[in-house]
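Shown here: input-v4.txt, compact mmCIF, C-alpha atoms.
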```txt
# COMPACT_ATOMS: atom_id res chain seq x y z
CA MET A 1 5.38 14.15 -7.76
CA GLY A 2 3.97 13.47 -11.20
CA ILE A 3 1.85 15.57 -13.53
CA LEU A 4 -1.70 14.49 -14.35
CA ILE A 5 -3.15 15.89 -17.57
CA LYS A 6 -6.91 15.70 -17.09
CA GLY A 7 -9.71 15.34 -19.57
CA GLY A 8 -8.10 16.36 -22.85
CA ARG A 9 -8.69 14.87 -26.29
CA VAL A 10 -5.72 12.55 -26.66
CA LEU A 11 -4.49 12.18 -30.25
CA ASP A 12 -1.88 9.42 -30.52
CA PRO A 13 -1.27 7.96 -33.99
CA ALA A 14 1.00 5.21 -32.66
CA SER A 15 -1.82 3.63 -30.66
CA GLY A 16 -4.73 4.96 -32.71
CA ARG A 17 -6.13 6.54 -29.55
CA ASP A 18 -8.48 9.46 -30.21
CA GLY A 19 -10.74 10.33 -27.31
CA ILE A 20 -11.08 11.96 -23.92
CA TYR A 21 -8.48 10.53 -21.56
CA ASP A 22 -6.27 11.39 -18.62
CA VAL A 23 -2.51 11.15 -19.07
CA LEU A 24 -0.23 10.53 -16.10
CA VAL A 25 3.42 11.60 -16.32
CA GLU A 26 5.92 10.26 -13.79
CA ASN A 27 9.72 10.26 -13.77
CA GLY A 28 9.92 11.72 -17.25
CA ILE A 29 7.78 9.07 -18.96
CA ILE A 30 4.15 8.45 -19.80
CA ALA A 31 3.06 6.31 -16.88
CA ALA A 32 -0.56 5.73 -17.83
CA VAL A 33 -3.31 6.80 -20.22
CA GLY A 34 -6.86 6.09 -19.07
CA GLY A 35 -10.44 7.20 -18.76
CA VAL A 36 -10.17 8.60 -15.24
CA ILE A 37 -6.90 8.59 -13.29
CA PRO A 38 -7.02 9.74 -9.65
CA GLY A 39 -5.24 13.06 -9.17
CA SER A 40 -4.20 12.59 -5.56
CA GLY A 41 -0.54 13.39 -5.03
CA HIS A 42 -0.03 14.80 -8.53
CA GLU A 43 0.07 18.28 -9.99
CA VAL A 44 -2.89 18.63 -12.31
CA ILE A 45 -3.21 20.28 -15.71
CA ASP A 46 -6.84 20.78 -16.71
CA ALA A 47 -6.84 19.96 -20.43
CA ALA A 48 -10.60 20.01 -20.95
CA GLY A 49 -11.36 21.23 -24.46
CA CYS A 50 -7.73 20.83 -25.53
CA PHE A 51 -5.84 18.46 -27.81
CA VAL A 52 -3.22 16.41 -25.95
CA MET A 53 -0.61 15.30 -28.48
CA PRO A 54 2.84 13.75 -28.56
CA GLY A 55 5.35 16.60 -28.69
CA LEU A 56 5.93 17.91 -32.19
CA VAL A 57 9.07 16.81 -34.04
CA ASP A 58 10.54 19.33 -36.50
CA LEU A 59 12.99 17.76 -38.93
CA HIS A 60 14.20 21.06 -40.34
CA VAL A 61 15.33 24.12 -38.38
CA HIS A 62 18.23 26.58 -38.45
CA PHE A 63 19.54 27.61 -35.04
CA ARG A 64 22.56 29.52 -36.46
CA GLU A 65 24.96 28.62 -33.64
CA PRO A 66 27.95 28.65 -34.03
CA GLY A 67 28.83 31.65 -36.15
CA PHE A 68 25.57 33.55 -36.52
CA GLU A 69 24.39 33.94 -32.95
CA TYR A 70 23.02 37.41 -33.71
CA LYS A 71 20.30 35.66 -35.77
CA GLU A 72 19.53 32.82 -33.32
CA THR A 73 21.18 30.67 -30.67
CA ILE A 74 20.45 27.15 -29.57
CA LYS A 75 18.93 28.65 -26.41
CA THR A 76 16.60 31.10 -28.14
CA GLY A 77 15.70 28.63 -30.87
CA ALA A 78 14.81 26.02 -28.28
CA LEU A 79 12.61 28.50 -26.41
CA ALA A 80 10.84 29.32 -29.66
CA ALA A 81 10.33 25.61 -30.29
CA ALA A 82 8.82 25.12 -26.85
CA ARG A 83 6.44 28.05 -27.37
CA GLY A 84 5.33 26.42 -30.63
CA GLY A 85 4.74 23.00 -29.06
CA VAL A 86 7.85 21.50 -30.66
CA THR A 87 9.79 19.16 -28.38
CA THR A 88 12.42 17.73 -30.73
CA VAL A 89 14.29 19.66 -33.43
CA PHE A 90 16.82 18.79 -36.11
CA PRO A 91 19.10 21.81 -36.68
CA MET A 92 20.77 22.00 -40.09
CA PRO A 93 24.57 22.04 -40.32
CA ASN A 94 25.09 25.24 -42.35
CA THR A 95 26.63 27.14 -39.45
CA ASN A 96 30.10 28.72 -39.32
CA PRO A 97 32.01 26.48 -39.20
CA PRO A 98 29.69 23.83 -40.62
CA VAL A 99 28.84 20.82 -38.48
CA ASP A 100 30.86 18.26 -40.41
CA CYS A 101 32.70 16.10 -37.87
CA VAL A 102 32.32 14.33 -34.55
CA ASP A 103 34.11 17.13 -32.69
CA MET A 104 31.55 19.67 -33.91
CA ILE A 105 28.73 17.33 -32.95
CA GLY A 106 30.21 17.14 -29.46
CA LYS A 107 30.36 20.92 -29.20
CA ILE A 108 26.73 21.31 -30.28
CA ASN A 109 25.62 18.60 -27.88
CA GLY A 110 27.46 20.36 -25.06
CA ILE A 111 25.77 23.68 -25.80
CA ALA A 112 22.39 21.96 -26.09
CA ALA A 113 22.83 20.16 -22.77
CA ARG A 114 23.51 23.52 -21.11
CA ASP A 115 21.07 25.79 -22.93
CA SER A 116 18.22 23.89 -24.57
CA VAL A 117 14.81 23.14 -23.10
CA VAL A 118 13.95 20.78 -25.99
CA ASN A 119 15.61 17.75 -27.56
CA ILE A 120 18.34 18.73 -30.04
CA LEU A 121 19.32 16.18 -32.69
CA GLN A 122 21.98 17.88 -34.76
CA VAL A 123 22.11 17.10 -38.48
CA ALA A 124 25.63 16.71 -39.91
CA ALA A 125 26.91 17.90 -43.28
CA VAL A 126 27.19 15.60 -46.28
CA THR A 127 30.60 16.98 -47.28
CA LEU A 128 33.52 18.46 -45.37
CA GLY A 129 33.05 22.20 -44.97
CA GLN A 130 29.92 21.80 -47.08
CA ASN A 131 32.26 22.33 -50.01
CA GLY A 132 30.68 19.59 -52.12
CA VAL A 133 33.98 17.81 -52.72
CA THR A 134 34.75 15.25 -50.01
CA PRO A 135 32.13 13.26 -48.07
CA THR A 136 32.22 13.50 -44.29
CA ASP A 137 33.04 10.42 -42.22
CA ILE A 138 29.45 9.24 -42.28
CA ARG A 139 29.98 6.01 -40.39
CA GLU A 140 31.88 7.77 -37.60
CA LEU A 141 29.10 10.36 -37.34
CA ARG A 142 26.53 7.58 -37.15
CA GLU A 143 28.47 5.86 -34.39
CA ALA A 144 28.48 9.20 -32.54
CA GLY A 145 24.68 9.20 -32.55
CA VAL A 146 23.93 11.36 -35.59
CA VAL A 147 20.80 10.14 -37.36
CA ALA A 148 20.77 12.38 -40.47
CA ILE A 149 23.04 14.21 -42.88
CA SER A 150 22.21 17.14 -45.14
CA GLU A 151 23.92 19.80 -47.21
CA ASP A 152 20.97 22.07 -46.48
CA GLY A 153 21.29 25.58 -47.75
CA LYS A 154 22.45 24.12 -51.05
CA SER A 155 22.76 20.86 -52.94
CA VAL A 156 25.82 18.69 -53.51
CA MET A 157 26.16 19.46 -57.21
CA ASP A 158 28.73 16.74 -58.00
CA SER A 159 26.53 13.68 -58.51
CA ALA A 160 29.41 11.26 -58.06
CA VAL A 161 30.28 12.74 -54.66
CA TYR A 162 26.63 12.65 -53.62
CA ARG A 163 26.19 9.08 -54.78
CA GLU A 164 29.18 7.99 -52.71
CA ALA A 165 27.80 9.76 -49.64
CA MET A 166 24.44 8.11 -50.21
CA ARG A 167 26.10 4.71 -50.56
CA GLN A 168 27.87 5.18 -47.24
CA ALA A 169 24.67 6.44 -45.62
CA ALA A 170 22.79 3.37 -46.83
CA GLY A 171 25.48 1.14 -45.33
CA CYS A 172 25.05 2.53 -41.83
CA GLY A 173 21.37 3.45 -41.75
CA MET A 174 21.80 7.20 -41.98
CA LEU A 175 18.93 9.35 -43.28
CA VAL A 176 19.87 11.70 -46.14
CA MET A 177 17.95 14.99 -46.11
CA ALA A 178 18.03 16.82 -49.43
CA HIS A 179 17.82 20.51 -50.19
CA CYS A 180 16.94 20.32 -53.88
CA GLU A 181 18.34 23.31 -55.75
CA ASP A 182 20.33 23.35 -58.98
CA ARG A 183 22.59 26.30 -58.33
CA ASN A 184 23.40 26.58 -62.05
CA LEU A 185 19.73 27.31 -62.74
CA VAL A 186 19.13 29.79 -59.91
CA ASP A 187 20.79 32.64 -61.80
CA GLY A 188 20.40 35.18 -59.01
CA GLY A 189 16.68 34.60 -58.61
CA SER A 190 14.76 35.92 -55.62
CA LEU A 191 11.10 34.98 -56.16
CA ASN A 192 9.16 32.35 -58.08
CA GLU A 193 9.33 32.96 -61.80
CA GLY A 194 5.98 34.52 -62.64
CA VAL A 195 3.85 37.64 -62.74
CA LYS A 196 4.99 38.79 -59.29
CA SER A 197 8.73 38.51 -59.99
CA ARG A 198 8.25 40.37 -63.26
CA SER A 199 6.11 43.11 -61.70
CA LEU A 200 8.72 43.69 -59.00
CA GLY A 201 11.57 43.59 -61.49
CA VAL A 202 13.50 40.76 -59.82
CA ARG A 203 14.88 37.58 -61.32
CA GLY A 204 12.68 34.55 -61.01
CA ILE A 205 13.38 31.03 -59.75
CA THR A 206 11.74 28.41 -61.95
CA ASN A 207 10.29 25.13 -60.71
CA ALA A 208 13.06 23.30 -62.57
CA VAL A 209 15.59 24.63 -60.04
CA GLU A 210 14.01 22.25 -57.51
CA ASP A 211 12.66 19.55 -59.78
CA VAL A 212 15.91 18.71 -61.59
CA ILE A 213 17.71 17.93 -58.33
CA ALA A 214 14.70 16.18 -56.80
CA ALA A 215 14.65 13.82 -59.80
CA ARG A 216 18.41 13.24 -59.57
CA ASP A 217 18.32 12.56 -55.84
CA ILE A 218 15.45 10.10 -56.16
CA LEU A 219 17.30 8.20 -58.88
CA LEU A 220 20.48 8.10 -56.77
CA ALA A 221 18.48 6.90 -53.77
CA LYS A 222 17.01 4.14 -55.93
CA GLU A 223 20.49 3.11 -57.05
CA THR A 224 22.17 3.24 -53.64
CA GLY A 225 19.26 2.06 -51.48
CA CYS A 226 19.61 4.95 -49.02
CA ARG A 227 16.72 6.53 -47.16
CA LEU A 228 16.05 9.94 -48.73
CA HIS A 229 13.98 12.78 -47.29
CA LEU A 230 13.22 15.74 -49.55
CA CYS A 231 13.15 18.96 -47.55
CA HIS A 232 10.75 21.88 -48.09
CA CYS A 233 9.03 20.58 -51.23
CA SER A 234 7.39 23.43 -53.12
CA THR A 235 6.35 22.21 -56.57
CA ALA A 236 3.63 20.02 -58.01
CA ASP A 237 6.25 17.91 -59.77
CA SER A 238 8.09 17.22 -56.51
CA VAL A 239 4.85 15.73 -55.15
CA ARG A 240 4.35 13.70 -58.31
CA MET A 241 7.93 12.40 -58.30
CA ILE A 242 7.71 11.34 -54.65
CA ARG A 243 4.43 9.54 -55.34
CA ASP A 244 5.91 7.69 -58.34
CA ALA A 245 9.14 6.88 -56.49
CA LYS A 246 7.22 5.39 -53.58
CA ALA A 247 5.28 3.22 -56.01
CA ASP A 248 8.63 2.11 -57.45
CA GLY A 249 9.87 1.04 -54.01
CA VAL A 250 12.30 3.92 -53.44
CA LYS A 251 12.82 4.78 -49.76
CA VAL A 252 11.79 8.41 -50.09
CA SER A 253 9.74 10.82 -48.01
CA GLY A 254 8.98 14.50 -48.30
CA GLU A 255 8.06 17.50 -46.20
CA VAL A 256 6.10 20.69 -46.80
CA CYS A 257 6.40 23.90 -44.76
CA PRO A 258 3.39 25.91 -43.57
CA HIS A 259 4.34 28.91 -45.68
CA HIS A 260 4.24 26.80 -48.84
CA PHE A 261 0.79 25.35 -48.19
CA THR A 262 -0.64 28.64 -46.87
CA LEU A 263 0.71 31.23 -49.31
CA CYS A 264 1.48 31.47 -53.02
CA ASP A 265 3.33 34.11 -55.00
CA GLU A 266 0.06 35.98 -55.63
CA ASP A 267 -0.02 36.78 -51.90
CA ILE A 268 3.24 38.76 -51.93
CA PRO A 269 2.11 42.35 -51.26
CA GLY A 270 5.09 44.14 -52.77
CA ASP A 271 8.80 44.49 -52.17
CA ASN A 272 8.65 42.87 -48.73
CA ALA A 273 11.50 40.50 -47.88
CA ASP A 274 9.44 38.77 -45.19
CA TYR A 275 7.96 36.89 -48.16
CA LYS A 276 11.37 35.79 -49.45
CA MET A 277 12.29 32.20 -48.71
CA ASN A 278 14.07 29.35 -50.47
CA PRO A 279 12.41 27.61 -52.19
CA PRO A 280 10.15 30.56 -52.97
CA LEU A 281 6.40 30.82 -52.66
CA ARG A 282 5.19 29.11 -55.82
CA SER A 283 2.07 29.39 -57.97
CA ARG A 284 -1.42 28.71 -56.65
CA LYS A 285 -1.43 25.49 -58.69
CA ASP A 286 1.71 24.32 -56.87
CA MET A 287 0.27 25.31 -53.50
CA GLU A 288 -2.87 23.28 -54.16
CA ALA A 289 -0.75 20.30 -55.25
CA LEU A 290 1.14 20.47 -51.96
CA ARG A 291 -2.12 20.45 -50.04
CA GLU A 292 -3.33 17.47 -52.04
CA GLY A 293 0.00 15.70 -51.42
CA LEU A 294 -0.47 16.17 -47.69
CA LYS A 295 -4.07 15.03 -47.83
CA SER A 296 -3.31 11.89 -49.84
CA GLY A 297 -0.34 10.93 -47.64
CA VAL A 298 2.25 11.24 -50.40
CA ILE A 299 3.80 14.02 -48.32
CA GLU A 300 4.29 12.60 -44.83
CA VAL A 301 5.84 15.48 -42.88
CA ILE A 302 5.20 19.12 -42.02
CA SER A 303 8.39 20.93 -40.98
CA THR A 304 9.17 24.62 -40.58
CA ASP A 305 12.56 25.37 -42.19
CA HIS A 306 12.79 27.89 -39.31
CA ALA A 307 15.28 30.44 -40.68
CA PRO A 308 15.70 33.51 -38.47
CA HIS A 309 17.47 36.66 -39.67
CA SER A 310 18.04 40.06 -38.14
CA ALA A 311 15.56 42.88 -38.71
CA GLN A 312 18.28 44.86 -40.47
CA GLU A 313 18.92 42.07 -42.96
CA LYS A 314 15.24 41.61 -43.70
CA SER A 315 14.63 45.34 -44.10
CA ARG A 316 16.47 45.24 -47.41
CA THR A 317 14.76 44.85 -50.76
CA ILE A 318 13.68 41.39 -51.89
CA ALA A 319 16.57 41.30 -54.35
CA LYS A 320 19.16 41.95 -51.62
CA ALA A 321 17.71 40.39 -48.45
CA PRO A 322 18.60 36.85 -47.35
CA PHE A 323 16.21 33.97 -47.90
CA GLY A 324 14.22 32.59 -44.98
CA ILE A 325 11.45 33.13 -42.44
CA THR A 326 10.88 32.03 -38.86
CA GLY A 327 8.41 29.23 -38.33
CA LEU A 328 8.60 27.44 -34.99
CA GLU A 329 6.12 29.67 -33.17
CA THR A 330 3.52 29.65 -35.95
CA SER A 331 3.63 26.17 -37.48
CA LEU A 332 0.98 24.47 -35.35
CA CYS A 333 -1.60 27.25 -35.46
CA LEU A 334 -1.15 27.69 -39.22
CA THR A 335 -1.45 23.96 -39.84
CA TYR A 336 -4.57 23.72 -37.72
CA THR A 337 -6.14 26.82 -39.27
CA GLU A 338 -5.23 26.18 -42.90
CA LEU A 339 -5.44 22.40 -43.11
CA VAL A 340 -7.59 21.01 -40.30
CA LEU A 341 -10.27 23.70 -40.14
CA LYS A 342 -10.47 23.68 -43.95
CA GLY A 343 -10.91 19.91 -44.12
CA VAL A 344 -7.60 19.02 -45.76
CA LEU A 345 -6.40 17.01 -42.75
CA THR A 346 -8.08 15.51 -39.71
CA PRO A 347 -6.64 16.38 -36.29
CA MET A 348 -5.08 12.91 -36.14
CA GLN A 349 -3.44 13.37 -39.55
CA MET A 350 -2.04 16.70 -38.38
CA VAL A 351 -0.37 14.94 -35.45
CA GLU A 352 0.92 12.20 -37.73
CA LYS A 353 2.64 14.74 -39.98
CA MET A 354 3.99 16.94 -37.20
CA SER A 355 5.05 14.32 -34.65
CA TYR A 356 4.63 10.60 -35.38
CA ASN A 357 5.85 10.50 -39.00
CA PRO A 358 8.91 12.74 -38.50
CA ALA A 359 9.99 10.59 -35.55
CA ARG A 360 9.45 7.40 -37.53
CA ILE A 361 11.35 8.67 -40.57
CA ALA A 362 14.26 9.84 -38.42
CA GLY A 363 14.25 6.55 -36.52
CA ILE A 364 13.91 8.08 -33.06
CA ASP A 365 11.78 6.86 -30.16
CA ARG A 366 9.48 9.87 -30.00
CA GLY A 367 6.11 10.90 -31.42
CA THR A 368 3.84 8.83 -29.17
CA LEU A 369 1.96 9.02 -25.88
CA MET A 370 2.08 5.28 -25.26
CA PRO A 371 2.92 4.26 -21.67
CA GLY A 372 6.61 3.77 -21.08
CA LYS A 373 7.66 6.34 -23.67
CA ALA A 374 9.30 9.72 -23.05
CA ALA A 375 6.81 12.28 -21.76
CA ASP A 376 7.12 14.81 -24.56
CA VAL A 377 3.66 16.34 -24.73
CA THR A 378 1.98 19.25 -26.50
CA ILE A 379 -1.34 20.62 -25.25
CA MET A 380 -3.19 22.87 -27.70
CA ASN A 381 -6.48 24.71 -27.34
CA PRO A 382 -8.17 24.35 -30.74
CA GLU A 383 -10.83 26.95 -29.94
CA ALA A 384 -8.43 29.74 -28.95
CA GLU A 385 -8.40 32.41 -31.62
CA PHE A 386 -5.61 34.96 -31.71
CA VAL A 387 -3.60 37.20 -34.00
CA ILE A 388 0.03 36.34 -34.73
CA ASP A 389 2.20 39.12 -33.34
CA ARG A 390 5.91 39.00 -34.16
CA ARG A 391 6.64 41.22 -31.15
CA GLU A 392 5.69 38.29 -28.93
CA PHE A 393 8.17 35.86 -30.54
CA VAL A 394 10.91 34.51 -28.30
CA SER A 395 13.02 33.66 -31.33
CA LYS A 396 15.57 36.33 -32.18
CA GLY A 397 14.13 36.29 -35.68
CA HIS A 398 10.90 38.21 -36.18
CA ASN A 399 10.91 37.75 -39.95
CA THR A 400 7.48 36.36 -40.80
CA PRO A 401 4.88 37.07 -43.47
CA PHE A 402 2.17 36.03 -40.99
CA ASP A 403 2.36 39.03 -38.65
CA GLY A 404 -1.22 40.19 -38.05
CA ARG A 405 -2.83 37.00 -39.36
CA LYS A 406 -5.81 35.65 -37.40
CA VAL A 407 -5.47 31.95 -36.53
CA ARG A 408 -6.83 29.30 -34.21
CA GLY A 409 -4.99 26.72 -32.14
CA ARG A 410 -2.92 28.10 -29.26
CA VAL A 411 -0.25 26.05 -27.50
CA GLU A 412 -1.07 26.03 -23.77
CA TYR A 413 1.64 23.69 -22.46
CA THR A 414 4.73 21.96 -23.75
CA LEU A 415 6.37 19.18 -21.74
CA VAL A 416 9.78 17.69 -22.50
CA GLY A 417 10.83 14.63 -20.56
CA GLY A 418 7.98 15.23 -18.15
CA ARG A 419 9.03 18.80 -17.40
CA ILE A 420 6.92 21.84 -18.29
CA VAL A 421 9.05 23.98 -20.60
CA TYR A 422 6.27 26.25 -21.78
CA GLY A 423 3.01 27.28 -20.14
CA ALA A 424 1.87 28.24 -16.69
CA HIS A 425 2.87 25.85 -13.96
CA PRO A 426 -0.21 23.95 -12.71
```

Just give me the structure of the file as structure tokens.
Amino acid sequence: MGILIKGGRVLDPASGRDGIYDVLVENGIIAAVGGVIPGSGHEVIDAAGCFVMPGLVDLHVHFREPGFEYKETIKTGALAAARGGVTTVFPMPNTNPPVDCVDMIGKINGIAARDSVVNILQVAAVTLGQNGVTPTDIRELREAGVVAISEDGKSVMDSAVYREAMRQAAGCGMLVMAHCEDRNLVDGGSLNEGVKSRSLGVRGITNAVEDVIAARDILLAKETGCRLHLCHCSTADSVRMIRDAKADGVKVSGEVCPHHFTLCDEDIPGDNADYKMNPPLRSRKDMEALREGLKSGVIEVISTDHAPHSAQEKSRTIAKAPFGITGLETSLCLTYTELVLKGVLTPMQMVEKMSYNPARIAGIDRGTLMPGKAADVTIMNPEAEFVIDRREFVSKGHNTPFDGRKVRGRVEYTLVGGRIVYGAHP
């Protein structure tokens, strides 16, 4: 028995389809998309008034397993993804031990096959042990099905080591995902360098911490010919450099997280570590530049950098608490509320940046509702207004600065491979 999704507004960038259609799901794939499809013999989801989108693809999450299961597990992270309409995730490798070899990839894949309700595509480390000294066996990882490498959580500071890893990645078609942070410039910083950091008496993190490495990585990508994706861009200069690099023919893309296009450092209410993330909330000028980068298409992806921590860890002062906030369960509603309803993006552009573009950049066959493709589907009610409540999160991490924020755009159903993994059964 298939599932028939009736009468929703289908938004599919791959086909350009934007209109009221029925979508038939059979045997885990999109069987048909049409004006009116008979419902006889199928379970029916009434999607009237809803957006029907290809399942969201998040290129940047932290699921903490192995080593930090008290913060998050693959199981709980996957459930959080499903609740947020995300059907494919790319967990970063900064676990304990780091994911730096084929054996570790096999272990993660085994856990995911047992525990995950969404598609898990594990990102591998750039260097062994993430120690910044010796590149991983990138070709072997690629042959094992890995599509991206990253040293996320930090940068590879030795440019020669990074260039060699990029050269190998270019040779086998591996995407390089860059966390741009010059650790020599961080100097114990906790918040963006500015009025807020000074008023709270904590060390600031300047824009140069990100921009210096972003510039280096773009130049190395130009030299090696690798595909480079800049994670969690937060500065106006990162947007400018990506724009200029694209014009120069460099294979570079960038992502922005909802917290960076929704909040700036002026919004930090006081010594509250739920507002501490890396990179930090920047100035209003930077935030507006990020929005403009998304609107113009220079920035092609919206990802979450989902980074759960325990309540005890986040109850510390900003100076002592770990960086990071959760994001999987709030990304779609924040994007819709802050960008679509405010005219920065159209609904179709939102889907491009949260599903189609991430899949295209990663080189995976997802992000579309075209017949014959995997039935990963997100159904969102754009009129549903609600208040974000961290107590309702299924992630182990409740660390969010958006608790109590009124938003629109509620996920009603999430399907992965034709199976309902979130929402009431029809």

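Here CA of Lys285 in chain A and CA of Ser190 in chain A stand 19.5 Å from one another.
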
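All residues of protein, DNA or RNA that reach within 7 Å of range 313-322 of chain A, judged by all atoms listed in the file and not counting those fewer than 4 positions away in the chain, are Ser190, Val202, Asp271, Asn272, Ala273, Asp274, Lys276, His309 and Asn399 of chain A.
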
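Each of A:His260, A:Arg64, A:Arg408, A:His42 was compared to Leu334 in chain A using all atoms listed in the file, and A:Arg408 turns out to be the nearest.
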
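Closest approach to Gly84 in chain A among A:Leu4, A:Leu332, A:Leu290, A:Ile388: A:Leu332, based on only C-alpha atoms.
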
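Minimum distance to Gly293 in chain A across A:Tyr336, A:Ala307, A:Lys353, A:Gly249 (counting all atoms listed in the file) occurs at A:Lys353.
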
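Proximity of A:Lys396, A:Lys373, A:Arg216, A:Arg203 to Gly417 in chain A, computed with all atoms listed in the file, is greatest for A:Lys373.
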
Please tell me which residues are no farther than 10 Å from (17.8, 4.6, -54.9) in the file, counting all atoms listed in the file, and write them as a VMD selection string. chain A and resid 163 166 to 167 170 216 to 228 245 248 to 252

Would you output that residue set with C-alpha atoms, as a PDB file, keeping the file's coordinate frame?
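selection-v2.pdb written:
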```pdb
ATOM      1  CA  ARG A 163      26.190   9.080 -54.780  1.00  0.00           C
ATOM      2  CA  MET A 166      24.440   8.110 -50.210  1.00  0.00           C
ATOM      3  CA  ARG A 167      26.100   4.710 -50.560  1.00  0.00           C
ATOM      4  CA  ALA A 170      22.790   3.370 -46.830  1.00  0.00           C
ATOM      5  CA  ARG A 216      18.410  13.240 -59.570  1.00  0.00           C
ATOM      6  CA  ASP A 217      18.320  12.560 -55.840  1.00  0.00           C
ATOM      7  CA  ILE A 218      15.450  10.100 -56.160  1.00  0.00           C
ATOM      8  CA  LEU A 219      17.300   8.200 -58.880  1.00  0.00           C
ATOM      9  CA  LEU A 220      20.480   8.100 -56.770  1.00  0.00           C
ATOM     10  CA  ALA A 221      18.480   6.900 -53.770  1.00  0.00           C
ATOM     11  CA  LYS A 222      17.010   4.140 -55.930  1.00  0.00           C
ATOM     12  CA  GLU A 223      20.490   3.110 -57.050  1.00  0.00           C
ATOM     13  CA  THR A 224      22.170   3.240 -53.640  1.00  0.00           C
ATOM     14  CA  GLY A 225      19.260   2.060 -51.480  1.00  0.00           C
ATOM     15  CA  CYS A 226      19.610   4.950 -49.020  1.00  0.00           C
ATOM     16  CA  ARG A 227      16.720   6.530 -47.160  1.00  0.00           C
ATOM     17  CA  LEU A 228      16.050   9.940 -48.730  1.00  0.00           C
ATOM     18  CA  ALA A 245       9.140   6.880 -56.490  1.00  0.00           C
ATOM     19  CA  ASP A 248       8.630   2.110 -57.450  1.00  0.00           C
ATOM     20  CA  GLY A 249       9.870   1.040 -54.010  1.00  0.00           C
ATOM     21  CA  VAL A 250      12.300   3.920 -53.440  1.00  0.00           C
ATOM     22  CA  LYS A 251      12.820   4.780 -49.760  1.00  0.00           C
ATOM     23  CA  VAL A 252      11.790   8.410 -50.090  1.00  0.00           C
TER      24      VAL A 252
END
```

Repair of range 380-384 of chain A at the level of all heavy atoms, as a PDB file, in the coordinates of the input:
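Final file, rebuild_18.pdb:
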```pdb
ATOM      1  N   MET A 380      -2.751  21.750 -26.867  1.00  0.00           N
ATOM      2  CA  MET A 380      -3.190  22.870 -27.700  1.00  0.00           C
ATOM      3  C   MET A 380      -4.683  23.095 -27.530  1.00  0.00           C
ATOM      4  O   MET A 380      -5.466  22.142 -27.527  1.00  0.00           O
ATOM      5  CB  MET A 380      -2.892  22.576 -29.173  1.00  0.00           C
ATOM      6  CG  MET A 380      -3.222  23.722 -30.114  1.00  0.00           C
ATOM      7  SD  MET A 380      -3.323  23.205 -31.863  1.00  0.00           S
ATOM      8  CE  MET A 380      -5.024  22.626 -31.944  1.00  0.00           C
ATOM      9  N   ASN A 381      -5.068  24.344 -27.413  1.00  0.00           N
ATOM     10  CA  ASN A 381      -6.480  24.710 -27.340  1.00  0.00           C
ATOM     11  C   ASN A 381      -6.970  25.023 -28.763  1.00  0.00           C
ATOM     12  O   ASN A 381      -6.630  26.071 -29.315  1.00  0.00           O
ATOM     13  CB  ASN A 381      -6.677  25.914 -26.440  1.00  0.00           C
ATOM     14  CG  ASN A 381      -8.143  26.302 -26.292  1.00  0.00           C
ATOM     15  OD1 ASN A 381      -9.001  25.823 -27.015  1.00  0.00           O
ATOM     16  ND2 ASN A 381      -8.428  27.186 -25.357  1.00  0.00           N
ATOM     17  N   PRO A 382      -7.770  24.135 -29.347  1.00  0.00           N
ATOM     18  CA  PRO A 382      -8.170  24.350 -30.740  1.00  0.00           C
ATOM     19  C   PRO A 382      -9.193  25.470 -30.922  1.00  0.00           C
ATOM     20  O   PRO A 382      -9.408  25.939 -32.042  1.00  0.00           O
ATOM     21  CB  PRO A 382      -8.774  23.000 -31.142  1.00  0.00           C
ATOM     22  CG  PRO A 382      -9.280  22.414 -29.866  1.00  0.00           C
ATOM     23  CD  PRO A 382      -8.316  22.876 -28.809  1.00  0.00           C
ATOM     24  N   GLU A 383      -9.821  25.899 -29.842  1.00  0.00           N
ATOM     25  CA  GLU A 383     -10.830  26.950 -29.940  1.00  0.00           C
ATOM     26  C   GLU A 383     -10.252  28.343 -29.739  1.00  0.00           C
ATOM     27  O   GLU A 383     -10.923  29.342 -30.035  1.00  0.00           O
ATOM     28  CB  GLU A 383     -11.944  26.704 -28.906  1.00  0.00           C
ATOM     29  CG  GLU A 383     -12.719  25.415 -29.130  1.00  0.00           C
ATOM     30  CD  GLU A 383     -13.357  25.362 -30.504  1.00  0.00           C
ATOM     31  OE1 GLU A 383     -13.894  26.394 -30.956  1.00  0.00           O
ATOM     32  OE2 GLU A 383     -13.315  24.291 -31.139  1.00  0.00           O
ATOM     33  N   ALA A 384      -9.035  28.425 -29.231  1.00  0.00           N
ATOM     34  CA  ALA A 384      -8.430  29.740 -28.950  1.00  0.00           C
ATOM     35  C   ALA A 384      -8.084  30.447 -30.252  1.00  0.00           C
ATOM     36  O   ALA A 384      -7.305  29.946 -31.060  1.00  0.00           O
ATOM     37  CB  ALA A 384      -7.182  29.566 -28.090  1.00  0.00           C
TER      38      ALA A 384
END
```
